[in-house]
Amino acid sequence: MKVLMVCLGNICRSPLAHGILEHKAPSNWTIDSAGTSGWHEGERPDTRSIITAKGRGIAIDQQRSRPFVVDDFKRFDIIFAMDSSNYSNILRLAPDEESALKVRLIMNEVYPKENRQVPDPYTGGQNGFEEVYDMLELALDEFLNSNLNG
Ligand code: 4NP
């Protein structure tokens with residue numbers, strides 16, 4: 001399974017989702033993350049994301065931000081968006097129906113069809129990052145459960 005996590009900057013939310021799934025998924029899966037913007041290209045995850053992940057035993061400081069590219073539709077089976085804005089920005093780039101069907105809102109794994117958002121924690125404090133981590137872990141545990149047992 002090849003899974004891509006996407007947010008706006010690829011420095012706060014998607015690096016956490018990337019790190020969590022990489023930590024929990026079978027080792028033959030491919031996990032990566034990207035941003036719908038290239039604003040932080042080449043940068044490490046936000047320090048607050050690094051600290052949050054480290055506190056849960058996961059290292060994400062080796063990750064580097066990169067923009068989402070159309071070729072990602074070919075390279076990945078599932079593309080998880082963190083919020084509706086990311087979702088529509090990814091869908092807009094989909095070259096065909098098969099590509100569009102790969103895109104999902106990540107919290108719908110736990111709350112199907114509710115279209116809940118993973119809030120952007122960038123302008124807030126450390127606590128927002130801890131909350132994002134908890135949400136993403138819940139979603140990814142559910143995703144793994146249905147993909148490994150179902
Ligand atoms: P992310 O958070 O999309 O979760 O990585 C953000 C990071 C940077 C900015 C916005 C959101 N920014 O405006 O630079």
# chains A, B, ... in the order shown; residues from 1 in each chain; ligands from 1
call {"tool": "residues_around", "arguments": {"residues": "range 48-61 of chain A", "least_positions_apart": "3", "cutoff": "10 Å", "atoms": "only C-alpha atoms", "output": "number ranges by chain"}}
result
A: 11-20, 22-23, 43-45, 64, 121-122, 125-133
call {"tool": "select_by_dssp", "arguments": {"residues": "range 68-121 of chain A", "states": "alpha helix (DSSP H)", "output": "list in words"}}
result
Asp72, Phe73, Lys74, Arg75, Ser84, Ser85, Asn86, Tyr87, Ser88, Asn89, Ile90, Leu91, Glu97, Glu98, Ser99 and Ala100 of chain A
call {"tool": "closest_residue", "arguments": {"among": "A:Glu97, A:Asp141, A:Asp32, A:Glu41", "to": "ligand 1", "atoms": "only C-alpha atoms and all ligand atoms"}}
result
A:Glu41
call {"tool": "select_by_dssp", "arguments": {"residues": "range 73-130 of chain A", "states": "strand (DSSP E)", "output": "PyMOL selection string"}}
result
chain A and resi 78-81+103-105
call {"tool": "write_last_selection", "arguments": {"atoms": "C-alpha atoms", "output": "tab-separated table (two decimals), in the first residue's frame"}}
result
chain	number	residue	atom	x	y	z
A	78	ILE	CA	-4.51	6.65	-1.33
A	79	ILE	CA	-4.07	10.41	-0.85
A	80	PHE	CA	-5.25	11.71	2.53
A	81	ALA	CA	-6.18	15.40	2.84
A	103	VAL	CA	-8.38	11.34	-2.53
A	104	ARG	CA	-10.00	11.10	0.93
A	105	LEU	CA	-10.49	13.37	3.94
call {"tool": "closest_residue", "arguments": {"among": "A:Phe143, A:Trp29, A:Trp39, A:Phe73", "to": "ligand 1", "atoms": "only C-alpha atoms and all ligand atoms"}}
result
A:Trp39
call {"tool": "atom_distance", "arguments": {"atom1": "CA of Asn86 in chain A", "atom2": "CA of Asn147 in chain A"}}
result
23.6 Å
call {"tool": "closest_residue", "arguments": {"among": "A:Lys24, A:Lys2, A:His40, A:Arg92", "to": "Arg66 in chain A", "atoms": "only C-alpha atoms"}}
result
A:His40
call {"tool": "closest_residue", "arguments": {"among": "A:Ser99, A:Ser27, A:Ser88, A:Thr123", "to": "ligand 1", "atoms": "only C-alpha atoms and all ligand atoms"}}
result
A:Thr123
call {"tool": "closest_residue", "arguments": {"among": "A:Leu8, A:Val110, A:Ala100, A:Val69", "to": "Leu140 in chain A", "atoms": "only C-alpha atoms"}}
result
A:Val110
call {"tool": "residues_around", "arguments": {"residues": "Ala34 in chain A", "least_positions_apart": "6", "cutoff": "8 Å", "atoms": "only C-alpha atoms", "output": "number ranges by chain"}}
result
A: 4-7, 9-10, 14, 65-68
call {"tool": "residues_around", "arguments": {"residues": "Leu148 in chain A", "least_positions_apart": "3", "cutoff": "10 Å", "atoms": "only C-alpha atoms", "output": "VMD selection string"}}
result
chain A and resid 25 to 26 143 to 145
call {"tool": "write_last_selection", "arguments": {"atoms": "N, CA, C and O atoms", "output": "mmCIF file, in the first residue's frame"}}
result
data_model
loop_
_atom_site.group_PDB
_atom_site.id
_atom_site.type_symbol
_atom_site.label_atom_id
_atom_site.label_comp_id
_atom_site.auth_asym_id
_atom_site.auth_seq_id
_atom_site.Cartn_x
_atom_site.Cartn_y
_atom_site.Cartn_z
ATOM 1 N N ALA A 25 2.533 1.074 10.254
ATOM 2 C CA ALA A 25 2.192 0.273 9.077
ATOM 3 C C ALA A 25 3.219 -0.834 8.840
ATOM 4 O O ALA A 25 4.351 -0.744 9.308
ATOM 5 N N PRO A 26 2.833 -1.876 8.096
ATOM 6 C CA PRO A 26 3.806 -2.899 7.701
ATOM 7 C C PRO A 26 4.974 -2.254 6.946
ATOM 8 O O PRO A 26 4.787 -1.248 6.256
ATOM 9 N N PHE A 143 -7.933 3.304 10.061
ATOM 10 C CA PHE A 143 -7.528 2.983 8.682
ATOM 11 C C PHE A 143 -6.750 1.663 8.651
ATOM 12 O O PHE A 143 -7.010 0.787 7.817
ATOM 13 N N LEU A 144 -5.810 1.499 9.576
ATOM 14 C CA LEU A 144 -5.012 0.271 9.613
ATOM 15 C C LEU A 144 -5.875 -0.933 9.950
ATOM 16 O O LEU A 144 -5.733 -1.987 9.341
ATOM 17 N N ASN A 145 -6.777 -0.764 10.909
ATOM 18 C CA ASN A 145 -7.692 -1.845 11.280
ATOM 19 C C ASN A 145 -8.467 -2.362 10.089
ATOM 20 O O ASN A 145 -8.538 -3.566 9.849
#
call {"tool": "closest_residue", "arguments": {"among": "A:Leu136, A:Met107, A:Ile90, A:Met82", "to": "ligand 1", "atoms": "only C-alpha atoms and all ligand atoms"}}
result
A:Met82
call {"tool": "residues_around", "arguments": {"residues": "Ser84 in chain A", "least_positions_apart": "5", "cutoff": "9 Å", "atoms": "only C-alpha atoms", "output": "ChimeraX atom specification"}}
result
/A:89,105,115-117
call {"tool": "residues_around", "arguments": {"residues": "Glu109 in chain A", "least_positions_apart": "3", "cutoff": "7 Å", "atoms": "only C-alpha atoms", "output": "list of chain:residue names"}}
result
A:Ile106, A:Pro112, A:Ala139, A:Glu142, A:Phe143
